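Novice: Structure supplied as structure.cif; contents: mmCIF, C-alpha atoms and all ligand atoms.
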```cif
data_my_file
#
loop_
_atom_site.label_atom_id
_atom_site.label_comp_id
_atom_site.auth_asym_id
_atom_site.auth_seq_id
_atom_site.Cartn_x
_atom_site.Cartn_y
_atom_site.Cartn_z
CA MET A 1 -22.23 17.25 32.70
CA THR A 2 -25.45 15.49 31.78
CA ASP A 3 -26.62 13.09 29.17
CA ASN A 4 -27.57 14.95 26.02
CA SER A 5 -31.11 13.60 25.68
CA PRO A 6 -31.98 14.64 22.14
CA ARG A 7 -34.76 17.14 21.52
CA THR A 8 -34.60 16.28 17.83
CA PRO A 9 -34.02 12.70 16.67
CA GLU A 10 -30.35 11.77 16.64
CA HIS A 11 -28.45 11.31 13.38
CA PHE A 12 -24.76 10.41 13.61
CA PHE A 13 -22.23 11.50 10.97
CA ILE A 14 -19.14 9.28 11.15
CA THR A 15 -16.00 10.09 9.22
CA GLY A 16 -13.86 7.02 8.55
CA GLY A 17 -16.93 4.91 9.25
CA LEU A 18 -15.62 2.11 7.03
CA GLY A 19 -12.64 1.71 9.38
CA CYS A 20 -12.25 -0.47 12.43
CA ILE A 21 -13.63 1.82 15.15
CA GLY A 22 -16.15 3.26 12.71
CA ALA A 23 -17.64 -0.13 11.93
CA TRP A 24 -18.20 -0.81 15.64
CA VAL A 25 -19.65 2.67 16.22
CA VAL A 26 -22.06 2.06 13.34
CA ARG A 27 -23.03 -1.37 14.69
CA ASN A 28 -23.79 0.00 18.15
CA LEU A 29 -25.85 2.88 16.79
CA LEU A 30 -27.85 0.75 14.36
CA ARG A 31 -28.64 -1.70 17.15
CA GLU A 32 -30.06 1.25 19.12
CA GLY A 33 -32.14 2.21 16.06
CA ILE A 34 -30.15 5.42 15.40
CA PRO A 35 -29.61 6.46 11.76
CA VAL A 36 -26.01 6.89 10.60
CA THR A 37 -24.18 8.49 7.71
CA ILE A 38 -20.68 7.28 6.89
CA PHE A 39 -18.26 9.68 5.19
CA ASP A 40 -15.24 7.79 3.87
CA LEU A 41 -12.84 7.83 0.94
CA ALA A 42 -12.68 4.04 0.77
CA SER A 43 -15.44 2.01 -0.78
CA SER A 44 -14.97 -1.48 0.62
CA PRO A 45 -17.43 -2.34 3.39
CA HIS A 46 -15.40 -5.43 4.38
CA ARG A 47 -15.13 -4.45 8.06
CA LEU A 48 -18.84 -3.68 8.26
CA LYS A 49 -19.63 -7.02 6.62
CA LEU A 50 -17.68 -8.82 9.35
CA ILE A 51 -19.93 -7.52 12.11
CA LEU A 52 -23.25 -6.41 10.57
CA THR A 53 -26.22 -8.22 9.12
CA GLU A 54 -27.30 -7.49 5.53
CA PRO A 55 -30.36 -5.45 6.66
CA GLU A 56 -28.12 -3.38 8.96
CA LEU A 57 -25.72 -2.75 6.09
CA ALA A 58 -28.60 -1.65 3.89
CA ALA A 59 -29.75 0.88 6.51
CA ILE A 60 -26.52 2.93 6.38
CA GLN A 61 -26.26 6.11 4.33
CA PHE A 62 -22.87 6.11 2.58
CA LEU A 63 -21.31 9.34 1.35
CA SER A 64 -18.07 8.89 -0.51
CA GLY A 65 -15.66 11.77 0.02
CA ASP A 66 -12.24 12.99 1.01
CA MET A 67 -11.40 14.74 4.29
CA ARG A 68 -8.88 16.86 2.36
CA ASP A 69 -11.75 18.52 0.47
CA LEU A 70 -13.47 21.13 2.65
CA GLN A 71 -16.39 21.61 0.24
CA ALA A 72 -17.06 17.86 0.15
CA VAL A 73 -17.01 17.58 3.95
CA LYS A 74 -19.27 20.61 4.26
CA ALA A 75 -21.78 19.33 1.69
CA ALA A 76 -21.85 15.91 3.33
CA ILE A 77 -22.50 17.22 6.84
CA GLN A 78 -25.20 19.56 5.59
CA SER A 79 -26.96 16.99 3.41
CA SER A 80 -26.91 14.35 6.15
CA GLN A 81 -28.61 16.72 8.63
CA ALA A 82 -26.36 15.30 11.30
CA THR A 83 -27.00 16.04 14.96
CA HIS A 84 -23.81 14.32 16.21
CA ILE A 85 -20.33 13.95 14.68
CA ILE A 86 -17.67 11.34 15.41
CA HIS A 87 -14.47 12.03 13.46
CA LEU A 88 -12.37 8.90 12.91
CA ALA A 89 -10.97 9.25 9.37
CA ALA A 90 -7.19 9.27 9.42
CA LEU A 91 -4.07 7.67 8.01
CA GLN A 92 -2.34 5.40 10.48
CA VAL A 93 1.30 5.44 11.72
CA PRO A 94 2.87 3.46 8.81
CA SER A 95 1.05 5.51 6.12
CA CYS A 96 2.07 8.80 7.75
CA LYS A 97 5.66 7.57 7.95
CA ALA A 98 5.67 6.47 4.30
CA ASP A 99 4.16 9.76 3.07
CA PRO A 100 4.28 12.51 5.71
CA SER A 101 2.81 15.13 3.36
CA GLN A 102 -0.30 13.07 2.64
CA GLY A 103 -0.46 12.18 6.32
CA ALA A 104 -0.55 15.86 7.22
CA LEU A 105 -3.16 16.63 4.56
CA VAL A 106 -5.53 13.89 5.72
CA ASN A 107 -4.92 13.99 9.46
CA VAL A 108 -4.20 17.69 10.08
CA VAL A 109 -5.97 19.57 7.26
CA GLY A 110 -8.75 16.94 7.24
CA THR A 111 -9.45 17.60 10.92
CA VAL A 112 -9.44 21.38 10.41
CA ASN A 113 -11.89 20.80 7.53
CA LEU A 114 -14.13 18.74 9.81
CA PHE A 115 -14.29 21.46 12.48
CA GLU A 116 -14.76 24.18 9.89
CA ALA A 117 -17.54 22.31 8.08
CA ALA A 118 -19.23 21.55 11.40
CA ARG A 119 -19.03 25.21 12.42
CA GLN A 120 -20.65 26.26 9.16
CA ALA A 121 -23.38 23.64 9.65
CA GLY A 122 -24.08 24.89 13.18
CA ILE A 123 -22.91 21.70 14.95
CA GLN A 124 -21.83 22.57 18.49
CA HIS A 125 -20.03 19.42 19.69
CA ILE A 126 -17.50 17.08 18.08
CA VAL A 127 -15.88 13.87 19.21
CA TYR A 128 -12.66 12.91 17.46
CA ALA A 129 -9.92 10.30 17.73
CA SER A 130 -6.58 11.43 19.06
CA SER A 131 -4.13 8.72 20.15
CA VAL A 132 -1.71 7.59 22.84
CA ALA A 133 0.91 8.35 20.14
CA VAL A 134 0.89 12.00 21.34
CA TYR A 135 3.11 10.79 24.21
CA GLY A 136 6.77 9.85 24.20
CA LEU A 137 8.65 6.89 25.65
CA SER A 138 7.92 5.48 29.12
CA GLU A 139 11.31 6.58 30.35
CA GLU A 140 10.47 10.22 29.59
CA TYR A 141 7.75 10.20 32.29
CA PRO A 142 7.46 9.29 35.98
CA GLU A 143 6.88 5.58 36.55
CA GLY A 144 3.33 4.26 36.18
CA GLU A 145 0.44 4.83 33.80
CA ILE A 146 0.54 8.12 31.99
CA ASP A 147 -1.81 10.92 33.04
CA ASP A 148 -3.93 12.90 30.49
CA GLN A 149 -2.11 16.09 31.49
CA ALA A 150 1.42 14.71 30.93
CA ALA A 151 3.63 16.57 28.45
CA LEU A 152 3.10 15.58 24.82
CA LYS A 153 6.30 14.28 23.22
CA PRO A 154 5.22 12.36 20.09
CA ARG A 155 7.80 10.14 18.42
CA THR A 156 6.08 9.80 15.03
CA HIS A 157 4.62 12.11 12.36
CA TYR A 158 1.26 10.53 13.20
CA GLY A 159 1.61 11.51 16.86
CA VAL A 160 2.57 15.07 15.88
CA TYR A 161 -0.54 15.27 13.67
CA LYS A 162 -2.75 14.02 16.51
CA GLN A 163 -1.22 16.67 18.77
CA ALA A 164 -2.15 19.25 16.12
CA ASN A 165 -5.74 17.90 16.10
CA GLU A 166 -5.95 18.49 19.85
CA GLY A 167 -4.79 22.07 19.29
CA THR A 168 -7.32 22.59 16.49
CA ALA A 169 -10.11 21.41 18.78
CA ARG A 170 -8.98 23.80 21.52
CA ILE A 171 -8.96 26.76 19.15
CA TYR A 172 -12.44 25.97 17.80
CA TRP A 173 -13.63 26.02 21.40
CA LEU A 174 -11.88 29.33 22.16
CA ASP A 175 -12.81 31.06 18.90
CA ASN A 176 -16.17 29.52 18.03
CA GLY A 177 -17.53 27.85 21.17
CA ILE A 178 -17.53 24.40 19.54
CA SER A 179 -17.04 21.91 22.36
CA SER A 180 -15.13 18.69 21.79
CA ILE A 181 -13.87 15.53 23.35
CA GLY A 182 -10.74 13.97 21.89
CA LEU A 183 -10.20 10.37 22.92
CA ARG A 184 -6.75 8.79 23.01
CA PRO A 185 -7.03 5.07 22.40
CA TYR A 186 -3.97 2.83 22.80
CA THR A 187 -4.07 -0.53 20.95
CA LEU A 188 -7.46 -1.58 19.70
CA TYR A 189 -8.07 -5.24 19.02
CA GLY A 190 -11.03 -7.08 17.63
CA PRO A 191 -12.72 -7.87 14.31
CA GLY A 192 -11.96 -5.10 11.79
CA ARG A 193 -8.53 -4.20 13.22
CA ASP A 194 -6.54 -5.01 10.11
CA GLN A 195 -4.23 -2.03 9.57
CA GLY A 196 -1.89 0.20 11.56
CA MET A 197 1.25 -0.30 13.64
CA THR A 198 -0.53 -2.08 16.50
CA SER A 199 -2.83 -4.30 14.42
CA SER A 200 -0.56 -7.36 14.77
CA PRO A 201 -2.12 -8.76 17.99
CA THR A 202 -5.44 -8.91 16.11
CA LYS A 203 -3.67 -10.44 13.08
CA ALA A 204 -2.30 -13.07 15.49
CA MET A 205 -5.91 -13.76 16.59
CA LEU A 206 -6.91 -14.26 12.94
CA ALA A 207 -3.95 -16.61 12.42
CA ALA A 208 -4.97 -18.50 15.57
CA ALA A 209 -8.52 -18.86 14.26
CA ALA A 210 -6.97 -20.62 11.24
CA GLN A 211 -4.64 -22.59 13.57
CA GLN A 212 -1.60 -20.91 12.00
CA ALA A 213 1.61 -19.54 13.54
CA TYR A 214 2.15 -15.76 13.79
CA HIS A 215 5.01 -13.47 14.85
CA ILE A 216 4.11 -10.16 16.53
CA PRO A 217 6.90 -7.69 15.68
CA TYR A 218 6.98 -5.92 19.05
CA GLY A 219 6.61 -6.58 22.75
CA GLY A 220 6.52 -4.65 26.01
CA ARG A 221 3.59 -3.48 28.08
CA GLY A 222 0.64 -1.39 26.94
CA GLY A 223 -3.11 -0.85 26.75
CA MET A 224 -5.35 -3.34 24.91
CA GLN A 225 -8.86 -2.14 24.15
CA TYR A 226 -11.69 -4.15 22.69
CA THR A 227 -13.22 -2.49 19.62
CA ASP A 228 -16.78 -2.66 20.92
CA ASP A 229 -15.83 -0.95 24.21
CA VAL A 230 -14.05 1.89 22.44
CA ALA A 231 -16.96 2.39 20.04
CA LYS A 232 -19.36 2.69 23.00
CA ILE A 233 -17.08 5.27 24.64
CA PHE A 234 -17.02 7.37 21.44
CA ILE A 235 -20.83 7.29 21.27
CA GLN A 236 -21.17 8.21 24.94
CA ALA A 237 -18.76 11.14 24.42
CA ALA A 238 -20.81 12.37 21.47
CA ARG A 239 -23.93 12.51 23.66
CA LEU A 240 -22.41 14.53 26.50
CA VAL A 241 -23.48 18.12 26.96
CA PHE A 242 -20.08 19.56 27.48
CA GLN A 243 -18.32 22.92 27.74
CA GLY A 244 -14.68 23.01 26.68
CA ALA A 245 -12.18 21.03 24.64
CA GLU A 246 -11.15 17.98 26.65
CA VAL A 247 -8.73 15.26 25.60
CA LEU A 248 -8.91 12.01 27.50
CA ASN A 249 -6.95 8.76 27.69
CA ILE A 250 -8.63 5.37 27.33
CA ARG A 251 -7.00 2.67 29.46
CA GLY A 252 -8.50 -0.73 28.64
CA SER A 253 -6.47 -3.68 29.94
CA VAL A 254 -2.83 -2.79 30.61
CA VAL A 255 -0.90 -5.98 29.91
CA ASP A 256 2.45 -7.44 28.83
CA MET A 257 2.72 -9.15 25.44
CA PRO A 258 2.94 -12.67 27.00
CA GLU A 259 -0.50 -12.05 28.57
CA ILE A 260 -1.95 -11.25 25.14
CA ILE A 261 -0.42 -14.40 23.70
CA ALA A 262 -1.73 -16.47 26.63
CA ALA A 263 -5.24 -15.12 25.92
CA ILE A 264 -4.91 -16.10 22.24
CA GLU A 265 -3.66 -19.58 23.17
CA ALA A 266 -6.55 -19.97 25.62
CA ALA A 267 -9.00 -19.06 22.85
CA GLU A 268 -7.41 -21.54 20.42
CA PRO A 269 -5.22 -24.13 22.19
CA ALA A 270 -4.02 -25.54 18.83
CA VAL A 271 -1.65 -22.55 18.48
CA LYS A 272 0.09 -23.05 21.85
CA GLY A 273 3.75 -22.09 21.34
CA LYS A 274 3.10 -20.87 17.76
CA ILE A 275 2.42 -17.19 18.51
CA THR A 276 5.77 -15.49 19.06
CA PHE A 277 6.88 -11.88 19.57
CA ASP A 278 9.87 -9.56 19.35
CA PRO A 279 10.67 -8.30 22.87
CA LYS A 280 11.42 -4.72 21.67
CA PRO A 281 8.65 -2.47 23.04
CA LEU A 282 6.89 0.24 21.02
CA ALA A 283 7.94 3.89 21.45
CA LEU A 284 4.91 4.51 23.67
CA PRO A 285 4.25 4.75 27.41
CA ALA A 286 3.48 1.49 29.20
CA GLY A 287 -0.23 2.16 29.79
CA ALA A 288 -2.50 5.18 30.09
CA ASP A 289 -4.41 6.37 33.15
CA ASP A 290 -8.11 6.96 32.41
CA SER A 291 -9.30 8.41 35.74
CA ALA A 292 -10.41 11.67 34.05
CA LEU A 293 -12.55 9.72 31.56
CA ARG A 294 -14.09 7.69 34.41
CA ARG A 295 -14.84 10.86 36.38
CA LEU A 296 -16.69 12.25 33.36
CA PHE A 297 -18.52 9.08 32.29
CA GLY A 298 -18.89 7.03 35.46
CA LYS A 299 -18.68 3.34 34.62
CA LEU A 300 -16.86 2.51 31.39
CA PRO A 301 -17.30 -0.56 29.21
CA ASN A 302 -14.19 -2.68 29.80
CA THR A 303 -14.37 -6.20 28.40
CA PRO A 304 -11.75 -8.42 30.10
CA LEU A 305 -8.88 -9.29 27.74
CA ASN A 306 -9.61 -13.04 27.72
CA THR A 307 -13.29 -12.45 26.91
CA GLY A 308 -12.53 -9.98 24.08
CA VAL A 309 -9.83 -12.19 22.57
CA LYS A 310 -12.08 -15.27 22.70
CA ALA A 311 -14.97 -13.35 21.05
CA THR A 312 -12.57 -12.13 18.34
CA VAL A 313 -11.09 -15.58 17.60
CA ASP A 314 -14.58 -17.13 17.53
CA LEU A 315 -15.90 -14.48 15.12
CA PHE A 316 -12.82 -14.95 12.90
CA LYS A 317 -13.40 -18.73 12.83
CA GLN A 318 -16.96 -18.16 11.63
CA ALA A 319 -15.86 -15.52 9.09
CA LEU A 320 -13.10 -17.78 7.73
CA ALA A 321 -15.61 -20.61 7.38
CA ASP A 322 -18.14 -18.53 5.47
CA GLY A 323 -15.58 -16.63 3.37
CA ARG A 324 -16.09 -13.14 4.85
CA ILE A 325 -12.37 -12.94 5.66
CA ALA A 326 -9.17 -14.53 4.40
CA LEU A 327 -5.73 -14.94 5.96
N1 LIG A 401 -6.96 1.44 15.95
C1 LIG A 401 -6.25 1.89 16.96
O1 LIG A 401 -5.64 1.12 17.74
C2 LIG A 401 -6.17 3.37 17.21
C3 LIG A 401 -5.42 3.82 18.30
C4 LIG A 401 -5.36 5.19 18.54
C5 LIG A 401 -6.03 6.07 17.72
N2 LIG A 401 -6.74 5.60 16.66
C6 LIG A 401 -7.43 6.56 15.78
O2 LIG A 401 -8.81 6.21 15.70
C7 LIG A 401 -9.30 6.54 14.41
C8 LIG A 401 -9.93 5.32 13.78
O3 LIG A 401 -8.99 4.26 13.77
P1 LIG A 401 -9.29 2.91 13.00
O4 LIG A 401 -8.48 1.86 13.64
O5 LIG A 401 -10.73 2.75 12.83
O6 LIG A 401 -8.61 3.27 11.59
P2 LIG A 401 -8.80 2.58 10.16
O7 LIG A 401 -7.51 2.77 9.45
O8 LIG A 401 -9.36 1.21 10.30
O9 LIG A 401 -9.93 3.48 9.48
C9 LIG A 401 -9.69 4.79 9.05
C10 LIG A 401 -10.73 5.12 8.00
O10 LIG A 401 -10.45 6.45 7.54
C11 LIG A 401 -10.68 6.46 6.14
N3 LIG A 401 -9.92 7.54 5.50
C12 LIG A 401 -8.57 7.61 5.33
N4 LIG A 401 -8.26 8.72 4.63
C13 LIG A 401 -9.42 9.36 4.37
C14 LIG A 401 -9.74 10.55 3.68
N5 LIG A 401 -8.80 11.31 3.10
N6 LIG A 401 -11.05 10.91 3.61
C15 LIG A 401 -12.03 10.14 4.15
N7 LIG A 401 -11.78 8.98 4.79
C16 LIG A 401 -10.48 8.60 4.91
C17 LIG A 401 -10.18 5.10 5.68
O11 LIG A 401 -10.73 4.77 4.38
C18 LIG A 401 -10.68 4.19 6.78
O12 LIG A 401 -11.95 3.64 6.50
C19 LIG A 401 -8.14 7.11 13.62
O13 LIG A 401 -8.17 8.52 13.72
C20 LIG A 401 -6.94 6.56 14.35
O14 LIG A 401 -5.82 7.37 14.17
C21 LIG A 401 -6.84 4.27 16.39
#
```
Have the structure of the file written as structure tokens, please.
Specialist:
Amino acid sequence: MTDNSPRTPEHFFITGGLGCIGAWVVRNLLREGIPVTIFDLASSPHRLKLILTEPELAAIQFLSGDMRDLQAVKAAIQSSQATHIIHLAALQVPSCKADPSQGALVNVVGTVNLFEAARQAGIQHIVYASSVAVYGLSEEYPEGEIDDQAALKPRTHYGVYKQANEGTARIYWLDNGISSIGLRPYTLYGPGRDQGMTSSPTKAMLAAAAQQAYHIPYGGRGGMQYTDDVAKIFIQAARLVFQGAEVLNIRGSVVDMPEIIAAIEAAEPAVKGKITFDPKPLALPAGADDSALRRLFGKLPNTPLNTGVKATVDLFKQALADGRIAL
């Protein structure tokens, strides 16, 4: 495995680029001087506006479109002349639970459409977001952090759809020689994390920035991953010359909920005792082992929890003050 030093100039095509991870991927690429095209159904750039300057925002090519529409995905990839693809567009756990049919259309059919459109455009490598939600409960596995090769036992429609995505990627490798890396994040936190089942720690950070109380509706132990770190890992994966269809865990900081709350209180002491949580853990394993990802990439970006939480609270304070975000 080597770094894919581009023979032609890089151009990244990012589905779901208006979302949380997408915004951070875009920021990292623009700051390297790499052109990006965002393909997204939404139109609000509110997450991008939190973390980009106006000139950076103006440099992005936006293509509005729906992952459920194969022709639209195909036309967008072809017109963008993309050299690299990062596929992030998806509906999150609560949306898939509320409307499983739409969840399947966006997350399952949408991912098939992405691979099919890429195949027709001659793109040979895809990086896409899977999730720790492909696994079951901690008690279904041996003690410790879960290994990439552990049996998949998803407990949500969303997790089942992510498992299907991993299968789709494997078949496009077997049938068409399209290589892929699926990454399985756990809980992302940081500016832009405003929806999804595990967005409440970040919502607590926003409340703290406004010196308000907040109740996190779950507890337990799990992985916390700073948005900027995860974005960098997605970009690195997109640049690998790679044979096969790998799926890899991301670990981040594996912590108990009181440690997250302590980090928030350290970042804003005025909320000491005001950030509370429900002790019931999520239906997920208590942390994911990322040794396969480290073997492939070497050193990984891994911002310490306290540093990432402080950076998030500080950015939220600034954004609240200048009206870029509201509680
Ligand atoms: N955030 C996390 O903690 C986390 C954890 C594990 C996996 N993931 C996965 O990472 C990816 C990105 O997550 P995120 O937090 O940035 O999500 P997000 O919800 O912030 O962003 C998803 C983006 O996809 C877009 N989208 C939804 N339906 C679409 C459609 N039909 N066509 C085109 N665009 C559509 C949305 O408009 C949004 O901008 C997703 O696949 C998610 O399942 C996220």
Novice: Please build the interface table for chain A against ligand LIG 401 (chain A) with a cut-off of 8 Å, listing for each qualifying residue the nearest atom pair and the distance in Å to one decimal; count all atoms listed in the file, order rows by chain and increasing number, and write it as JSON lines.
Specialist:
```
{"residue": "A:Thr15", "atom": "CA", "partner": "A:LIG401", "partner_atom": "N7", "distance": 6.2}
{"residue": "A:Gly16", "atom": "CA", "partner": "A:LIG401", "partner_atom": "O10", "distance": 3.6}
{"residue": "A:Gly17", "atom": "CA", "partner": "A:LIG401", "partner_atom": "O12", "distance": 5.8}
{"residue": "A:Leu18", "atom": "CA", "partner": "A:LIG401", "partner_atom": "O12", "distance": 4.0}
{"residue": "A:Gly19", "atom": "CA", "partner": "A:LIG401", "partner_atom": "O9", "distance": 3.2}
{"residue": "A:Cys20", "atom": "CA", "partner": "A:LIG401", "partner_atom": "O5", "distance": 3.6}
{"residue": "A:Ile21", "atom": "CA", "partner": "A:LIG401", "partner_atom": "O5", "distance": 3.8}
{"residue": "A:Gly22", "atom": "CA", "partner": "A:LIG401", "partner_atom": "O5", "distance": 5.4}
{"residue": "A:Ala23", "atom": "CA", "partner": "A:LIG401", "partner_atom": "O5", "distance": 7.5}
{"residue": "A:Phe39", "atom": "CA", "partner": "A:LIG401", "partner_atom": "C15", "distance": 6.3}
{"residue": "A:Asp40", "atom": "CA", "partner": "A:LIG401", "partner_atom": "N7", "distance": 3.8}
{"residue": "A:Leu41", "atom": "CA", "partner": "A:LIG401", "partner_atom": "C15", "distance": 4.0}
{"residue": "A:Ala42", "atom": "CA", "partner": "A:LIG401", "partner_atom": "O11", "distance": 4.2}
{"residue": "A:Ser43", "atom": "CA", "partner": "A:LIG401", "partner_atom": "O11", "distance": 7.5}
{"residue": "A:Ser64", "atom": "CA", "partner": "A:LIG401", "partner_atom": "C15", "distance": 7.7}
{"residue": "A:Gly65", "atom": "CA", "partner": "A:LIG401", "partner_atom": "C15", "distance": 5.7}
{"residue": "A:Asp66", "atom": "CA", "partner": "A:LIG401", "partner_atom": "N6", "distance": 3.5}
{"residue": "A:Met67", "atom": "CA", "partner": "A:LIG401", "partner_atom": "N6", "distance": 3.9}
{"residue": "A:Arg68", "atom": "CA", "partner": "A:LIG401", "partner_atom": "N5", "distance": 5.6}
{"residue": "A:His87", "atom": "CA", "partner": "A:LIG401", "partner_atom": "O13", "distance": 7.2}
{"residue": "A:Leu88", "atom": "CA", "partner": "A:LIG401", "partner_atom": "C7", "distance": 4.2}
{"residue": "A:Ala89", "atom": "CA", "partner": "A:LIG401", "partner_atom": "O10", "distance": 3.4}
{"residue": "A:Ala90", "atom": "CA", "partner": "A:LIG401", "partner_atom": "O13", "distance": 4.5}
{"residue": "A:Leu91", "atom": "CA", "partner": "A:LIG401", "partner_atom": "C12", "distance": 5.2}
{"residue": "A:Gln92", "atom": "CA", "partner": "A:LIG401", "partner_atom": "O14", "distance": 5.4}
{"residue": "A:Val93", "atom": "CA", "partner": "A:LIG401", "partner_atom": "O14", "distance": 7.8}
{"residue": "A:Leu105", "atom": "CA", "partner": "A:LIG401", "partner_atom": "N5", "distance": 7.9}
{"residue": "A:Val106", "atom": "CA", "partner": "A:LIG401", "partner_atom": "N5", "distance": 4.9}
{"residue": "A:Asn107", "atom": "CA", "partner": "A:LIG401", "partner_atom": "O13", "distance": 7.7}
{"residue": "A:Gly110", "atom": "CA", "partner": "A:LIG401", "partner_atom": "N5", "distance": 7.0}
{"residue": "A:Tyr128", "atom": "CA", "partner": "A:LIG401", "partner_atom": "O13", "distance": 7.3}
{"residue": "A:Ala129", "atom": "CA", "partner": "A:LIG401", "partner_atom": "O2", "distance": 4.7}
{"residue": "A:Ser130", "atom": "CA", "partner": "A:LIG401", "partner_atom": "C5", "distance": 5.6}
{"residue": "A:Ser131", "atom": "CA", "partner": "A:LIG401", "partner_atom": "C5", "distance": 4.1}
{"residue": "A:Val132", "atom": "CA", "partner": "A:LIG401", "partner_atom": "C4", "distance": 6.1}
{"residue": "A:Ala133", "atom": "CA", "partner": "A:LIG401", "partner_atom": "C4", "distance": 7.2}
{"residue": "A:Tyr158", "atom": "CA", "partner": "A:LIG401", "partner_atom": "O14", "distance": 7.8}
{"residue": "A:Lys162", "atom": "CA", "partner": "A:LIG401", "partner_atom": "O14", "distance": 7.7}
{"residue": "A:Leu183", "atom": "CA", "partner": "A:LIG401", "partner_atom": "C5", "distance": 7.9}
{"residue": "A:Arg184", "atom": "CA", "partner": "A:LIG401", "partner_atom": "C4", "distance": 5.9}
{"residue": "A:Pro185", "atom": "CA", "partner": "A:LIG401", "partner_atom": "C4", "distance": 4.2}
{"residue": "A:Tyr186", "atom": "CA", "partner": "A:LIG401", "partner_atom": "C3", "distance": 4.8}
{"residue": "A:Thr187", "atom": "CA", "partner": "A:LIG401", "partner_atom": "O1", "distance": 3.9}
{"residue": "A:Leu188", "atom": "CA", "partner": "A:LIG401", "partner_atom": "O1", "distance": 3.8}
{"residue": "A:Tyr189", "atom": "CA", "partner": "A:LIG401", "partner_atom": "O1", "distance": 6.9}
{"residue": "A:Gly192", "atom": "CA", "partner": "A:LIG401", "partner_atom": "O8", "distance": 7.0}
{"residue": "A:Arg193", "atom": "CA", "partner": "A:LIG401", "partner_atom": "O4", "distance": 6.1}
{"residue": "A:Asp194", "atom": "CA", "partner": "A:LIG401", "partner_atom": "O8", "distance": 6.8}
{"residue": "A:Gln195", "atom": "CA", "partner": "A:LIG401", "partner_atom": "O7", "distance": 5.8}
{"residue": "A:Gly196", "atom": "CA", "partner": "A:LIG401", "partner_atom": "O7", "distance": 6.5}
{"residue": "A:Thr198", "atom": "CA", "partner": "A:LIG401", "partner_atom": "O1", "distance": 6.2}
{"residue": "A:Ser199", "atom": "CA", "partner": "A:LIG401", "partner_atom": "O1", "distance": 6.9}
{"residue": "A:Gln225", "atom": "CA", "partner": "A:LIG401", "partner_atom": "O1", "distance": 7.9}
```
Novice: Pick out the closest residue to Pro201 of chain A from this set: A:Pro301, A:Pro258, A:Pro94, A:Gly177. Count only C-alpha atoms.
Specialist: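 Smallest separation from Pro201 of chain A among the options: A:Pro258.
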Novice: Go through A:Pro154, A:Pro9, A:Pro55, A:Gly33 one by one, measure the shortest atom-to-atom distance of each to His84 of chain A using only C-alpha atoms, and give the residue with the smallest value.
Specialist: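 Among A:Pro154, A:Pro9, A:Pro55, A:Gly33, it is A:Pro9 that comes nearest to His84 of chain A.
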Novice: Which residue gives the smallest distance to Gly219 of chain A among A:Ser200, A:Asn249, A:Ser44, A:Asn165, with only C-alpha atoms counted?
Specialist: A:Ser200
Novice: Between segment 173-265 of chain A and segment 288-295 of chain A, at 10 Å or less, what are the per-residue closest atom pairs and their distances in Å? Count only C-alpha atoms, order by chain and rising residue number, and return it as JSON lines.
Specialist:
```
{"residue": "A:Leu183", "atom": "CA", "partner": "A:Leu293", "partner_atom": "CA", "distance": 9.0}
{"residue": "A:Arg184", "atom": "CA", "partner": "A:Ala288", "partner_atom": "CA", "distance": 9.0}
{"residue": "A:Pro185", "atom": "CA", "partner": "A:Ala288", "partner_atom": "CA", "distance": 8.9}
{"residue": "A:Tyr186", "atom": "CA", "partner": "A:Ala288", "partner_atom": "CA", "distance": 7.8}
{"residue": "A:Gly222", "atom": "CA", "partner": "A:Ala288", "partner_atom": "CA", "distance": 7.9}
{"residue": "A:Gly223", "atom": "CA", "partner": "A:Ala288", "partner_atom": "CA", "distance": 6.9}
{"residue": "A:Ile233", "atom": "CA", "partner": "A:Leu293", "partner_atom": "CA", "distance": 9.4}
{"residue": "A:Ala237", "atom": "CA", "partner": "A:Leu293", "partner_atom": "CA", "distance": 9.6}
{"residue": "A:Glu246", "atom": "CA", "partner": "A:Leu293", "partner_atom": "CA", "distance": 9.7}
{"residue": "A:Val247", "atom": "CA", "partner": "A:Leu293", "partner_atom": "CA", "distance": 9.0}
{"residue": "A:Leu248", "atom": "CA", "partner": "A:Leu293", "partner_atom": "CA", "distance": 5.9}
{"residue": "A:Asn249", "atom": "CA", "partner": "A:Asp290", "partner_atom": "CA", "distance": 5.2}
{"residue": "A:Ile250", "atom": "CA", "partner": "A:Asp290", "partner_atom": "CA", "distance": 5.3}
{"residue": "A:Arg251", "atom": "CA", "partner": "A:Ala288", "partner_atom": "CA", "distance": 5.2}
{"residue": "A:Gly252", "atom": "CA", "partner": "A:Ala288", "partner_atom": "CA", "distance": 8.5}
{"residue": "A:Ser253", "atom": "CA", "partner": "A:Ala288", "partner_atom": "CA", "distance": 9.7}
{"residue": "A:Val254", "atom": "CA", "partner": "A:Ala288", "partner_atom": "CA", "distance": 8.0}
```
Novice: Considering only C-alpha atoms, can you say which of A:Ser179, A:Thr83, A:Thr156, A:Thr111 comes closest to Ala98 of chain A?
Specialist: A:Thr156
Novice: From the set A:Val25, A:Leu296, A:Thr276, A:Gly323, which residue has the shortest atom-to-atom contact distance to Val241 of chain A, counting all atoms listed in the file?
Specialist: A:Leu296
Novice: Report as a list in words all protein, DNA and RNA residues lying within 9 Å of Thr168 of chain A, evaluated on all atoms listed in the file, omitting residues in the same chain fewer than 2 positions from it.
Specialist: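 Once the nearby chain positions are removed, what remains is Val108, Thr111, Val112, Phe115, Gln163, Ala164, Asn165, Glu166, Arg170, Ile171, Tyr172 and Trp173 of chain A.
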Novice: If we count only C-alpha atoms and set the cut-off at 10 Å, which residues sit around segment 312-322 of chain A, ignoring sequence neighbours fewer than 4 positions away in its own chain? Please answer as an MDAnalysis selection string.
Specialist: chainID A and resid 49:51 189:192 202 204:211 226:227 264 267:268 306:308 326:327
